[in-house]
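Participant: First, the structure itself, so that you have it in front of you.
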Amino acid sequence: MNAAAPATVRSLIDEAARALTDAGVAFGHGTTNAHDEAAWLVLWRLGLPLDADLDEAPPTDAGPTTLPPGERAVPAEQAEAVRALVRERIARRVPAAYLTREAWLQGLPFYVDERAIVPRSLIAELLVDGSIDPWLSEHTRHVLDLCTGNGSLAVIAASVYPEVSVVAADISTDALEVARINVERHGLGDRIQVVASDAFSAVPGVFDLIVCNPPYVNAHSMAALPAEFRAEPALALAGGADGMDFVRRLLREAPQHLSEHGVLVLEIGHERAHFEAAFPRLEVVWLDTSAGADQVLLTTREALAQALLVAALSGAAR
C-alpha cells in the first residue's frame with residue numbers, strides 16, 4: 001500500500017480491499033468479501049460508525065467546502081494507522097474482530113477476543129425474526145444457550161424475549177470470561193446466569209428452549225480450514241471424525257433437561273449429511289436462514305425421547 005498517496009475515506013477502503021484481495025485472506029467472520037472487510041477496518045480505525053453512509057449529502061447550511069464522508073481527506077498519520085491495521089490483518093491471518101475487539105450480530109455489538117470464536121451463529125437470525133416462535137408459548141420462561149462461547153445468543157435471546165431467564169453455559173472458562181463481559185455490557189446480569197459446564201453436567205433445572213451452536217466441524221474439514229478459522233479455539237469448532245461427537249451426547253441427554261413441550265434449536269453448519277446418517281430416526285424441522293435451509297434444525301423433547309426409545313428397542317432386539 002502506498003503510504004505517500006493522498007487519502008480519503010473511500011480511497012483507503014478501496015486500497016485496503018485491493019490489498020486484502022491480493023493477499024488472498026479468508027472471510028466469514030462478519031464479512032464475506034474484501035470490500036466489506038476493508039470498510040470495517042478503515043471505519044473502525046478512523047473512529048467512524050460502521051454503518052456510516054459514505055455518500056451522505058452534507059447539510060445545506062454546512063458550507064461550500066463540506067464533502068460527503070467518503071470524500072473527506074484523512075490526515076497522513078491516521079491514514080498510516082489504517083494501513084498498519086490492514087497489514088496486520090494480512091500478516092497475522094486472524095479474523096478482523098480479533099483486531100477490533102468487537103463484532104456485530106443482528107445489530108448488537110459484542111466484545112470478542114481470541115478466547116472465544118467470533119459470533120456468527122445463524123440461530124441469531126431465527127431468534128430475531130421469530131422463526132421459532134410457533135414452537136414456543138406464553139409458558140416459555142427458561143432458556144439455555146449451550147456452548148455459549150462469547151454469550152451472543154444468550155444476550156440476543158434475553159433481548160428478544162424480555163420475560164425469560166437465560167443460562168449461558170460452556171465448557172471453556174476462557175470463553176465464559178468473554179461471555180460475562182458481553183452480559184454486563186448489555187445490562188443483562190440479572191437475567192443471564194453464566195455457568196461453566198461440560199454439556200449438561202452443571203446446568204441447573206429444565207428448559208423450555210435450548211439453543212446450541214456446538215463444535216460440529218468434521219475432521220476432514222478441520223484440516224482444510226483457512227488460517228483465520230484456525231486462529232479460533234479448536235475446542236469450539238472440532239466435532240470429531242464426522243462432526244457429531246458432541247451432538248451425539250447433546251441429543252442423548254437433552255430430553256432430561258427439556259420441559260414437557262420444550263424444543264431444541266441446533267446449528268450443524270454444512271454437516272447435514274453426517275447428521276442424518278448419525279440420527280436417521282430423529283424427527284426434525286429444518287429452518288430457513290440466510291445460508292439456506294440445511295444448517296439449523298429444530299426438534300422437540302417428544303421427538304428426542306421417541307428416537308431414543310426406538311434406538312434402545314432396536315439395540316435390545318439385536
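The way I read the labels, and the way they are meant: chains A, B, ... in the order of the C-alpha cells, residue 1 as the first residue of every chain, and ligand 1 as the first ligand shown, with later ones counted on from there.
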Considering only C-alpha atoms, tabulate each residue of segment 17-127 of chain A that lies at most 10 Å from segment 296-311 of chain A along with its nearest interatomic pair and the corresponding distance in Å to one decimal; arrange the rows by chain and ascending residue number and present them as a tab-separated table.
Facilitator:
residue	atom	partner	partner_atom	distance
A:Ser121	CA	A:Val296	CA	9.5
A:Leu122	CA	A:Val296	CA	7.3
A:Ile123	CA	A:Val296	CA	7.2
A:Leu126	CA	A:Val296	CA	9.3
Participant: Filtering to C-alpha atoms, could you give me those residues as a tab-separated table (two decimals), in the first residue's frame?
Facilitator:
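Once written, result-v3.tsv looks like this:
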chain	number	residue	atom	x	y	z
A	121	SER	CA	-24.45	-18.17	14.56
A	122	LEU	CA	-27.43	-18.42	12.22
A	123	ILE	CA	-29.59	-19.11	15.27
A	126	LEU	CA	-34.14	-17.16	13.95
Participant: From the list A:Leu251, A:Leu43, A:Arg93, A:Gln78, which residue is nearest Ala23 of chain A when using only C-alpha atoms?
Facilitator: A:Arg93
Participant: For Leu209 of chain A, which residue among A:Asp53, A:Glu184, A:Asp133, A:Glu271 is the nearest when counting only C-alpha atoms?
Facilitator: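 Smallest separation from Leu209 of chain A among the options: A:Asp133.
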Participant: With only C-alpha atoms as the counted atoms, please give the residues lying no more than 12 Å from Arg115 of chain A, apart from itself and same-chain residues fewer than 4 positions off, as number ranges by chain.
Facilitator: A: 98, 101, 111, 149-150, 172-179, 231-236
Participant: Could you give me, as JSON, numbers by chain, each residue of segment 100-313 of chain A that DSSP assigns to helix (DSSP H, G or I) when run on this structure's backbone?
Facilitator: {"A": [100, 123, 124, 125, 126, 127, 128, 129, 133, 134, 135, 152, 153, 154, 155, 156, 157, 158, 159, 160, 173, 174, 175, 176, 177, 178, 179, 180, 181, 182, 183, 184, 185, 219, 220, 221, 222, 223, 224, 227, 228, 229, 230, 234, 235, 236, 245, 246, 247, 248, 249, 250, 251, 252, 253, 254, 255, 256, 257, 272, 273, 274, 275, 276, 277, 278, 301, 302, 303, 304, 305, 306, 307, 308, 309, 310, 311, 312, 313]}
Participant: Please list as a PDB file with all heavy atoms, in the first residue's frame every residue within 12 Å of Leu287 of chain A, counting only C-alpha atoms and excluding residues in the same chain fewer than 2 positions away.
Facilitator:
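What landed in around_13.pdb:
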ATOM      1  N   LEU A 122     -26.184 -18.638  12.947  1.00  0.00           N
ATOM      2  CA  LEU A 122     -27.431 -18.416  12.223  1.00  0.00           C
ATOM      3  C   LEU A 122     -28.642 -18.469  13.149  1.00  0.00           C
ATOM      4  O   LEU A 122     -29.715 -17.957  12.806  1.00  0.00           O
ATOM      5  CB  LEU A 122     -27.574 -19.461  11.116  1.00  0.00           C
ATOM      6  CG  LEU A 122     -26.523 -19.397  10.001  1.00  0.00           C
ATOM      7  CD1 LEU A 122     -26.588 -20.660   9.146  1.00  0.00           C
ATOM      8  CD2 LEU A 122     -26.723 -18.159   9.135  1.00  0.00           C
ATOM      9  N   ILE A 123     -28.476 -19.061  14.318  1.00  0.00           N
ATOM     10  CA  ILE A 123     -29.586 -19.114  15.272  1.00  0.00           C
ATOM     11  C   ILE A 123     -30.010 -17.699  15.669  1.00  0.00           C
ATOM     12  O   ILE A 123     -31.181 -17.450  15.959  1.00  0.00           O
ATOM     13  CB  ILE A 123     -29.201 -19.941  16.509  1.00  0.00           C
ATOM     14  CG1 ILE A 123     -28.977 -21.407  16.101  1.00  0.00           C
ATOM     15  CG2 ILE A 123     -30.273 -19.863  17.586  1.00  0.00           C
ATOM     16  CD1 ILE A 123     -28.460 -22.284  17.220  1.00  0.00           C
ATOM     17  N   GLU A 125     -30.421 -15.153  13.789  1.00  0.00           N
ATOM     18  CA  GLU A 125     -31.464 -14.713  12.858  1.00  0.00           C
ATOM     19  C   GLU A 125     -32.831 -15.242  13.275  1.00  0.00           C
ATOM     20  O   GLU A 125     -33.837 -14.523  13.245  1.00  0.00           O
ATOM     21  CB  GLU A 125     -31.173 -15.238  11.444  1.00  0.00           C
ATOM     22  CG  GLU A 125     -29.900 -14.766  10.811  1.00  0.00           C
ATOM     23  CD  GLU A 125     -29.715 -15.397   9.436  1.00  0.00           C
ATOM     24  OE1 GLU A 125     -30.694 -16.024   8.929  1.00  0.00           O
ATOM     25  OE2 GLU A 125     -28.619 -15.276   8.858  1.00  0.00           O
ATOM     26  N   LEU A 126     -32.876 -16.505  13.643  1.00  0.00           N
ATOM     27  CA  LEU A 126     -34.139 -17.163  13.952  1.00  0.00           C
ATOM     28  C   LEU A 126     -34.761 -16.622  15.228  1.00  0.00           C
ATOM     29  O   LEU A 126     -35.985 -16.548  15.352  1.00  0.00           O
ATOM     30  CB  LEU A 126     -33.921 -18.669  14.064  1.00  0.00           C
ATOM     31  CG  LEU A 126     -33.274 -19.314  12.829  1.00  0.00           C
ATOM     32  CD1 LEU A 126     -32.953 -20.772  13.088  1.00  0.00           C
ATOM     33  CD2 LEU A 126     -34.186 -19.168  11.617  1.00  0.00           C
ATOM     34  N   LEU A 127     -33.914 -16.235  16.180  1.00  0.00           N
ATOM     35  CA  LEU A 127     -34.421 -15.614  17.397  1.00  0.00           C
ATOM     36  C   LEU A 127     -35.033 -14.255  17.082  1.00  0.00           C
ATOM     37  O   LEU A 127     -36.120 -13.922  17.562  1.00  0.00           O
ATOM     38  CB  LEU A 127     -33.284 -15.457  18.415  1.00  0.00           C
ATOM     39  CG  LEU A 127     -32.742 -16.740  19.041  1.00  0.00           C
ATOM     40  CD1 LEU A 127     -31.458 -16.442  19.822  1.00  0.00           C
ATOM     41  CD2 LEU A 127     -33.776 -17.388  19.958  1.00  0.00           C
ATOM     42  N   ASP A 129     -36.024 -12.941  14.052  1.00  0.00           N
ATOM     43  CA  ASP A 129     -37.144 -12.855  13.093  1.00  0.00           C
ATOM     44  C   ASP A 129     -38.371 -13.661  13.514  1.00  0.00           C
ATOM     45  O   ASP A 129     -39.381 -13.681  12.804  1.00  0.00           O
ATOM     46  CB  ASP A 129     -36.697 -13.243  11.681  1.00  0.00           C
ATOM     47  CG  ASP A 129     -36.370 -14.733  11.526  1.00  0.00           C
ATOM     48  OD1 ASP A 129     -36.754 -15.549  12.378  1.00  0.00           O
ATOM     49  OD2 ASP A 129     -35.720 -15.073  10.513  1.00  0.00           O
ATOM     50  N   GLY A 130     -38.285 -14.328  14.659  1.00  0.00           N
ATOM     51  CA  GLY A 130     -39.455 -15.036  15.177  1.00  0.00           C
ATOM     52  C   GLY A 130     -39.729 -16.383  14.554  1.00  0.00           C
ATOM     53  O   GLY A 130     -40.815 -16.953  14.751  1.00  0.00           O
ATOM     54  N   SER A 131     -38.759 -16.943  13.822  1.00  0.00           N
ATOM     55  CA  SER A 131     -38.988 -18.208  13.126  1.00  0.00           C
ATOM     56  C   SER A 131     -39.311 -19.366  14.063  1.00  0.00           C
ATOM     57  O   SER A 131     -40.024 -20.302  13.675  1.00  0.00           O
ATOM     58  CB  SER A 131     -37.765 -18.574  12.282  1.00  0.00           C
ATOM     59  OG  SER A 131     -37.592 -17.666  11.217  1.00  0.00           O
ATOM     60  N   ILE A 132     -38.791 -19.319  15.292  1.00  0.00           N
ATOM     61  CA  ILE A 132     -39.049 -20.437  16.207  1.00  0.00           C
ATOM     62  C   ILE A 132     -40.231 -20.163  17.140  1.00  0.00           C
ATOM     63  O   ILE A 132     -40.635 -21.040  17.903  1.00  0.00           O
ATOM     64  CB  ILE A 132     -37.803 -20.786  17.041  1.00  0.00           C
ATOM     65  CG1 ILE A 132     -37.396 -19.624  17.943  1.00  0.00           C
ATOM     66  CG2 ILE A 132     -36.653 -21.188  16.133  1.00  0.00           C
ATOM     67  CD1 ILE A 132     -36.236 -19.967  18.850  1.00  0.00           C
ATOM     68  N   VAL A 265     -33.085 -26.044  19.428  1.00  0.00           N
ATOM     69  CA  VAL A 265     -32.673 -25.473  18.149  1.00  0.00           C
ATOM     70  C   VAL A 265     -31.168 -25.660  18.045  1.00  0.00           C
ATOM     71  O   VAL A 265     -30.409 -25.190  18.894  1.00  0.00           O
ATOM     72  CB  VAL A 265     -33.047 -23.984  18.048  1.00  0.00           C
ATOM     73  CG1 VAL A 265     -32.536 -23.396  16.731  1.00  0.00           C
ATOM     74  CG2 VAL A 265     -34.555 -23.809  18.153  1.00  0.00           C
ATOM     75  N   LEU A 266     -30.751 -26.374  16.997  1.00  0.00           N
ATOM     76  CA  LEU A 266     -29.365 -26.828  16.881  1.00  0.00           C
ATOM     77  C   LEU A 266     -28.774 -26.425  15.537  1.00  0.00           C
ATOM     78  O   LEU A 266     -29.370 -26.670  14.485  1.00  0.00           O
ATOM     79  CB  LEU A 266     -29.328 -28.355  17.023  1.00  0.00           C
ATOM     80  CG  LEU A 266     -27.999 -29.060  16.810  1.00  0.00           C
ATOM     81  CD1 LEU A 266     -27.000 -28.676  17.895  1.00  0.00           C
ATOM     82  CD2 LEU A 266     -28.205 -30.575  16.782  1.00  0.00           C
ATOM     83  N   GLU A 267     -27.602 -25.818  15.577  1.00  0.00           N
ATOM     84  CA  GLU A 267     -26.887 -25.466  14.351  1.00  0.00           C
ATOM     85  C   GLU A 267     -25.855 -26.544  14.054  1.00  0.00           C
ATOM     86  O   GLU A 267     -25.099 -26.945  14.937  1.00  0.00           O
ATOM     87  CB  GLU A 267     -26.208 -24.103  14.510  1.00  0.00           C
ATOM     88  CG  GLU A 267     -25.536 -23.608  13.240  1.00  0.00           C
ATOM     89  CD  GLU A 267     -25.240 -22.110  13.268  1.00  0.00           C
ATOM     90  OE1 GLU A 267     -25.863 -21.393  14.066  1.00  0.00           O
ATOM     91  OE2 GLU A 267     -24.399 -21.665  12.468  1.00  0.00           O
ATOM     92  N   ILE A 268     -25.816 -27.011  12.788  1.00  0.00           N
ATOM     93  CA  ILE A 268     -24.837 -28.041  12.430  1.00  0.00           C
ATOM     94  C   ILE A 268     -24.083 -27.672  11.142  1.00  0.00           C
ATOM     95  O   ILE A 268     -23.388 -28.506  10.564  1.00  0.00           O
ATOM     96  CB  ILE A 268     -25.484 -29.437  12.317  1.00  0.00           C
ATOM     97  CG1 ILE A 268     -26.734 -29.443  11.432  1.00  0.00           C
ATOM     98  CG2 ILE A 268     -25.839 -29.982  13.688  1.00  0.00           C
ATOM     99  CD1 ILE A 268     -26.462 -29.688   9.990  1.00  0.00           C
ATOM    100  N   VAL A 284     -37.046 -34.021  12.757  1.00  0.00           N
ATOM    101  CA  VAL A 284     -36.581 -32.643  12.915  1.00  0.00           C
ATOM    102  C   VAL A 284     -37.268 -31.757  11.885  1.00  0.00           C
ATOM    103  O   VAL A 284     -37.808 -32.237  10.888  1.00  0.00           O
ATOM    104  CB  VAL A 284     -35.045 -32.515  12.758  1.00  0.00           C
ATOM    105  CG1 VAL A 284     -34.315 -33.449  13.704  1.00  0.00           C
ATOM    106  CG2 VAL A 284     -34.615 -32.766  11.314  1.00  0.00           C
ATOM    107  N   VAL A 285     -37.222 -30.461  12.133  1.00  0.00           N
ATOM    108  CA  VAL A 285     -37.667 -29.450  11.174  1.00  0.00           C
ATOM    109  C   VAL A 285     -36.452 -28.614  10.795  1.00  0.00           C
ATOM    110  O   VAL A 285     -35.773 -28.063  11.675  1.00  0.00           O
ATOM    111  CB  VAL A 285     -38.755 -28.536  11.788  1.00  0.00           C
ATOM    112  CG1 VAL A 285     -39.135 -27.439  10.800  1.00  0.00           C
ATOM    113  CG2 VAL A 285     -39.969 -29.348  12.206  1.00  0.00           C
ATOM    114  N   THR A 289     -32.722 -20.048   6.826  1.00  0.00           N
ATOM    115  CA  THR A 289     -31.820 -18.982   7.267  1.00  0.00           C
ATOM    116  C   THR A 289     -31.232 -18.309   6.030  1.00  0.00           C
ATOM    117  O   THR A 289     -31.463 -18.748   4.895  1.00  0.00           O
ATOM    118  CB  THR A 289     -30.669 -19.531   8.130  1.00  0.00           C
ATOM    119  OG1 THR A 289     -29.745 -20.247   7.282  1.00  0.00           O
ATOM    120  CG2 THR A 289     -31.177 -20.463   9.222  1.00  0.00           C
ATOM    121  N   SER A 290     -30.441 -17.289   6.256  1.00  0.00           N
ATOM    122  CA  SER A 290     -29.796 -16.601   5.138  1.00  0.00           C
ATOM    123  C   SER A 290     -28.792 -17.492   4.422  1.00  0.00           C
ATOM    124  O   SER A 290     -28.390 -17.200   3.290  1.00  0.00           O
ATOM    125  CB  SER A 290     -29.092 -15.338   5.644  1.00  0.00           C
ATOM    126  OG  SER A 290     -28.095 -15.671   6.605  1.00  0.00           O
ATOM    127  N   ALA A 291     -28.387 -18.588   5.064  1.00  0.00           N
ATOM    128  CA  ALA A 291     -27.443 -19.530   4.454  1.00  0.00           C
ATOM    129  C   ALA A 291     -28.139 -20.759   3.881  1.00  0.00           C
ATOM    130  O   ALA A 291     -27.487 -21.720   3.486  1.00  0.00           O
ATOM    131  CB  ALA A 291     -26.401 -19.959   5.478  1.00  0.00           C
ATOM    132  N   GLY A 292     -29.476 -20.736   3.853  1.00  0.00           N
ATOM    133  CA  GLY A 292     -30.215 -21.870   3.327  1.00  0.00           C
ATOM    134  C   GLY A 292     -31.015 -22.576   4.414  1.00  0.00           C
ATOM    135  O   GLY A 292     -31.075 -22.132   5.565  1.00  0.00           O
ATOM    136  N   ALA A 293     -31.602 -23.704   4.035  1.00  0.00           N
ATOM    137  CA  ALA A 293     -32.496 -24.425   4.951  1.00  0.00           C
ATOM    138  C   ALA A 293     -31.918 -25.767   5.371  1.00  0.00           C
ATOM    139  O   ALA A 293     -32.658 -26.713   5.646  1.00  0.00           O
ATOM    140  CB  ALA A 293     -33.853 -24.628   4.294  1.00  0.00           C
ATOM    141  N   ASP A 294     -30.585 -25.872   5.443  1.00  0.00           N
ATOM    142  CA  ASP A 294     -29.996 -27.150   5.806  1.00  0.00           C
ATOM    143  C   ASP A 294     -28.880 -27.014   6.851  1.00  0.00           C
ATOM    144  O   ASP A 294     -28.054 -27.907   7.003  1.00  0.00           O
ATOM    145  CB  ASP A 294     -29.441 -27.850   4.567  1.00  0.00           C
ATOM    146  CG  ASP A 294     -28.388 -27.018   3.840  1.00  0.00           C
ATOM    147  OD1 ASP A 294     -28.133 -25.872   4.265  1.00  0.00           O
ATOM    148  OD2 ASP A 294     -27.822 -27.520   2.854  1.00  0.00           O
ATOM    149  N   GLN A 295     -28.887 -25.900   7.592  1.00  0.00           N
ATOM    150  CA  GLN A 295     -27.817 -25.691   8.562  1.00  0.00           C
ATOM    151  C   GLN A 295     -28.302 -25.577  10.000  1.00  0.00           C
ATOM    152  O   GLN A 295     -27.514 -25.720  10.937  1.00  0.00           O
ATOM    153  CB  GLN A 295     -27.009 -24.435   8.201  1.00  0.00           C
ATOM    154  CG  GLN A 295     -26.340 -24.548   6.841  1.00  0.00           C
ATOM    155  CD  GLN A 295     -25.199 -23.580   6.678  1.00  0.00           C
ATOM    156  OE1 GLN A 295     -24.495 -23.233   7.607  1.00  0.00           O
ATOM    157  NE2 GLN A 295     -25.007 -23.115   5.454  1.00  0.00           N
ATOM    158  N   VAL A 296     -29.573 -25.302  10.207  1.00  0.00           N
ATOM    159  CA  VAL A 296     -30.144 -25.196  11.554  1.00  0.00           C
ATOM    160  C   VAL A 296     -31.422 -26.028  11.594  1.00  0.00           C
ATOM    161  O   VAL A 296     -32.247 -25.962  10.686  1.00  0.00           O
ATOM    162  CB  VAL A 296     -30.460 -23.734  11.940  1.00  0.00           C
ATOM    163  CG1 VAL A 296     -31.026 -23.678  13.360  1.00  0.00           C
ATOM    164  CG2 VAL A 296     -29.210 -22.868  11.837  1.00  0.00           C
ATOM    165  N   LEU A 297     -31.574 -26.801  12.653  1.00  0.00           N
ATOM    166  CA  LEU A 297     -32.750 -27.656  12.786  1.00  0.00           C
ATOM    167  C   LEU A 297     -33.417 -27.426  14.132  1.00  0.00           C
ATOM    168  O   LEU A 297     -32.808 -26.911  15.078  1.00  0.00           O
ATOM    169  CB  LEU A 297     -32.368 -29.130  12.639  1.00  0.00           C
ATOM    170  CG  LEU A 297     -31.382 -29.677  13.672  1.00  0.00           C
ATOM    171  CD1 LEU A 297     -32.092 -30.371  14.822  1.00  0.00           C
ATOM    172  CD2 LEU A 297     -30.402 -30.645  13.003  1.00  0.00           C
ATOM    173  N   LEU A 298     -34.673 -27.816  14.198  1.00  0.00           N
ATOM    174  CA  LEU A 298     -35.443 -27.759  15.437  1.00  0.00           C
ATOM    175  C   LEU A 298     -36.026 -29.144  15.687  1.00  0.00           C
ATOM    176  O   LEU A 298     -36.527 -29.792  14.761  1.00  0.00           O
ATOM    177  CB  LEU A 298     -36.546 -26.715  15.328  1.00  0.00           C
ATOM    178  CG  LEU A 298     -37.448 -26.514  16.553  1.00  0.00           C
ATOM    179  CD1 LEU A 298     -37.912 -25.056  16.638  1.00  0.00           C
ATOM    180  CD2 LEU A 298     -38.678 -27.436  16.515  1.00  0.00           C
ATOM    181  N   THR A 299     -35.963 -29.578  16.931  1.00  0.00           N
ATOM    182  CA  THR A 299     -36.602 -30.813  17.326  1.00  0.00           C
ATOM    183  C   THR A 299     -37.207 -30.633  18.710  1.00  0.00           C
ATOM    184  O   THR A 299     -36.854 -29.697  19.439  1.00  0.00           O
ATOM    185  CB  THR A 299     -35.631 -32.005  17.279  1.00  0.00           C
ATOM    186  OG1 THR A 299     -36.361 -33.226  17.461  1.00  0.00           O
ATOM    187  CG2 THR A 299     -34.563 -31.894  18.360  1.00  0.00           C
TER     188      THR A 299
END
Participant: Asp36 of chain A: which residues within 9 Å, counting only C-alpha atoms, same-chain residues fewer than 5 positions away excluded, as a PyMOL selection string?
Facilitator: chain A and resi 13+17+31+41
Participant: Restricted to N, CA and C atoms, what would the selected residues look like written as an mmCIF file, in the first residue's frame?
Facilitator:
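Below is the file part_14.cif, written as the result:
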data_model
loop_
_atom_site.group_PDB
_atom_site.id
_atom_site.type_symbol
_atom_site.label_atom_id
_atom_site.label_comp_id
_atom_site.auth_asym_id
_atom_site.auth_seq_id
_atom_site.Cartn_x
_atom_site.Cartn_y
_atom_site.Cartn_z
ATOM 1 N N ILE A 13 -10.543 2.699 1.751
ATOM 2 C CA ILE A 13 -11.319 1.457 1.673
ATOM 3 C C ILE A 13 -10.974 0.707 0.396
ATOM 4 N N ALA A 17 -9.169 -2.909 0.272
ATOM 5 C CA ALA A 17 -9.834 -4.030 -0.391
ATOM 6 C C ALA A 17 -8.912 -4.696 -1.402
ATOM 7 N N THR A 31 -17.955 -10.666 7.692
ATOM 8 C CA THR A 31 -17.992 -10.178 6.320
ATOM 9 C C THR A 31 -17.762 -11.352 5.384
ATOM 10 N N LEU A 41 -12.494 -2.326 8.700
ATOM 11 C CA LEU A 41 -11.200 -1.965 9.271
ATOM 12 C C LEU A 41 -10.941 -0.463 9.181
#
Participant: Would you compute the distance between atom CA of Ala168 of chain A and atom CA of Cys147 of chain A? Give it in Å to one decimal.
Facilitator: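 Between these atoms lies a distance of 7.7 Å.
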Participant: Could you name the residues that touch Ala238 of chain A at 8 Å or less, counting only C-alpha atoms, but leaving out those on the same chain fewer than 5 positions away, as a PDB file with N, CA, C and O atoms, in the first residue's frame?
Facilitator:
ATOM      1  N   PRO A 215     -19.561 -27.472  18.710  1.00  0.00           N
ATOM      2  CA  PRO A 215     -18.483 -27.869  17.795  1.00  0.00           C
ATOM      3  C   PRO A 215     -19.004 -28.961  16.868  1.00  0.00           C
ATOM      4  O   PRO A 215     -19.451 -29.998  17.336  1.00  0.00           O
ATOM      5  N   TYR A 216     -18.977 -28.699  15.558  1.00  0.00           N
ATOM      6  CA  TYR A 216     -19.553 -29.668  14.623  1.00  0.00           C
ATOM      7  C   TYR A 216     -18.719 -29.881  13.367  1.00  0.00           C
ATOM      8  O   TYR A 216     -19.116 -30.633  12.466  1.00  0.00           O
ATOM      9  N   VAL A 217     -17.561 -29.254  13.245  1.00  0.00           N
ATOM     10  CA  VAL A 217     -16.771 -29.371  12.025  1.00  0.00           C
ATOM     11  C   VAL A 217     -16.104 -30.742  11.996  1.00  0.00           C
ATOM     12  O   VAL A 217     -15.427 -31.146  12.948  1.00  0.00           O
ATOM     13  N   ASN A 218     -16.295 -31.470  10.906  1.00  0.00           N
ATOM     14  CA  ASN A 218     -15.707 -32.808  10.823  1.00  0.00           C
ATOM     15  C   ASN A 218     -14.191 -32.728  10.627  1.00  0.00           C
ATOM     16  O   ASN A 218     -13.657 -31.678  10.249  1.00  0.00           O
ATOM     17  N   ALA A 219     -13.509 -33.835  10.880  1.00  0.00           N
ATOM     18  CA  ALA A 219     -12.049 -33.841  10.905  1.00  0.00           C
ATOM     19  C   ALA A 219     -11.451 -33.442   9.568  1.00  0.00           C
ATOM     20  O   ALA A 219     -10.447 -32.702   9.516  1.00  0.00           O
ATOM     21  N   MET A 222     -11.838 -29.718   9.227  1.00  0.00           N
ATOM     22  CA  MET A 222     -10.941 -29.025  10.161  1.00  0.00           C
ATOM     23  C   MET A 222      -9.546 -28.900   9.564  1.00  0.00           C
ATOM     24  O   MET A 222      -8.897 -27.854   9.665  1.00  0.00           O
ATOM     25  N   GLY A 243     -18.004 -34.932  12.786  1.00  0.00           N
ATOM     26  CA  GLY A 243     -18.537 -33.678  13.317  1.00  0.00           C
ATOM     27  C   GLY A 243     -19.627 -33.852  14.357  1.00  0.00           C
ATOM     28  O   GLY A 243     -20.121 -32.872  14.908  1.00  0.00           O
TER      29      GLY A 243
END
Participant: Would you mind listing what lies within 10 Å of Trp40 of chain A as a PyMOL selection string, with only C-alpha atoms counted and same-chain residues fewer than 2 positions away left out?
Facilitator: chain A and resi 13+30-31+34-38+42-45+48-51+96-97+100
Participant: Using C-alpha atoms, can you export the residues from the last selection as a PDB file, in the first residue's frame?
Facilitator:
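The resulting file, out09.pdb, is reproduced below:
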ATOM      1  CA  ILE A  13     -11.319   1.457   1.673  1.00  0.00           C
ATOM      2  CA  GLY A  30     -18.812 -10.980   9.934  1.00  0.00           C
ATOM      3  CA  THR A  31     -17.992 -10.178   6.320  1.00  0.00           C
ATOM      4  CA  ALA A  34     -12.798  -7.840   0.664  1.00  0.00           C
ATOM      5  CA  HIS A  35     -14.709  -4.573   0.283  1.00  0.00           C
ATOM      6  CA  ASP A  36     -16.873  -5.081   3.366  1.00  0.00           C
ATOM      7  CA  GLU A  37     -13.902  -6.191   5.443  1.00  0.00           C
ATOM      8  CA  ALA A  38     -11.887  -3.192   4.249  1.00  0.00           C
ATOM      9  CA  VAL A  42     -10.966   1.554   7.853  1.00  0.00           C
ATOM     10  CA  LEU A  43     -14.058   2.947   9.572  1.00  0.00           C
ATOM     11  CA  TRP A  44     -13.147   1.319  12.884  1.00  0.00           C
ATOM     12  CA  ARG A  45      -9.584   2.658  12.859  1.00  0.00           C
ATOM     13  CA  LEU A  48     -16.344   6.357  12.306  1.00  0.00           C
ATOM     14  CA  PRO A  49     -19.667   4.475  12.640  1.00  0.00           C
ATOM     15  CA  LEU A  50     -19.548   1.136  10.847  1.00  0.00           C
ATOM     16  CA  ASP A  51     -22.885   1.938   9.226  1.00  0.00           C
ATOM     17  CA  ALA A  96     -10.769  -8.784  11.857  1.00  0.00           C
ATOM     18  CA  ALA A  97     -12.859  -8.984  15.033  1.00  0.00           C
ATOM     19  CA  THR A 100     -11.001  -4.548  16.570  1.00  0.00           C
TER      20      THR A 100
END
Participant: Just checking: using only C-alpha atoms, which residue out of A:Ala16, A:Asp22, A:Trp286, A:Leu99 ends up closest to Glu80 of chain A?
Facilitator: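 Smallest distance to Glu80 of chain A is found for A:Ala16.
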Participant: Write out as CSV the residues of segment 247-314 of chain A that have any atom within 9 Å of an atom of segment 193-205 of chain A, one row each with the nearest atom pair and its distance in Å to one decimal, counting only C-alpha atoms, sorted by chain and then rising number.
Facilitator:
residue,atom,partner,partner_atom,distance
A:Arg249,CA,A:Ala199,CA,8.0
A:Leu250,CA,A:Ala199,CA,7.0
A:Glu253,CA,A:Phe200,CA,7.4
A:Ala254,CA,A:Phe200,CA,8.0
A:His257,CA,A:Gly205,CA,6.8
A:Leu258,CA,A:Gly205,CA,8.8
Participant: Keeping only C-alpha atoms, write the selected residues as a PDB file, in the first residue's frame.
Facilitator:
ATOM      1  CA  ARG A 249     -24.089 -36.551  23.670  1.00  0.00           C
ATOM      2  CA  LEU A 250     -26.302 -33.488  23.378  1.00  0.00           C
ATOM      3  CA  GLU A 253     -29.006 -36.035  27.318  1.00  0.00           C
ATOM      4  CA  ALA A 254     -31.292 -33.221  26.134  1.00  0.00           C
ATOM      5  CA  HIS A 257     -33.247 -31.073  30.514  1.00  0.00           C
ATOM      6  CA  LEU A 258     -36.260 -30.047  28.421  1.00  0.00           C
TER       7      LEU A 258
END
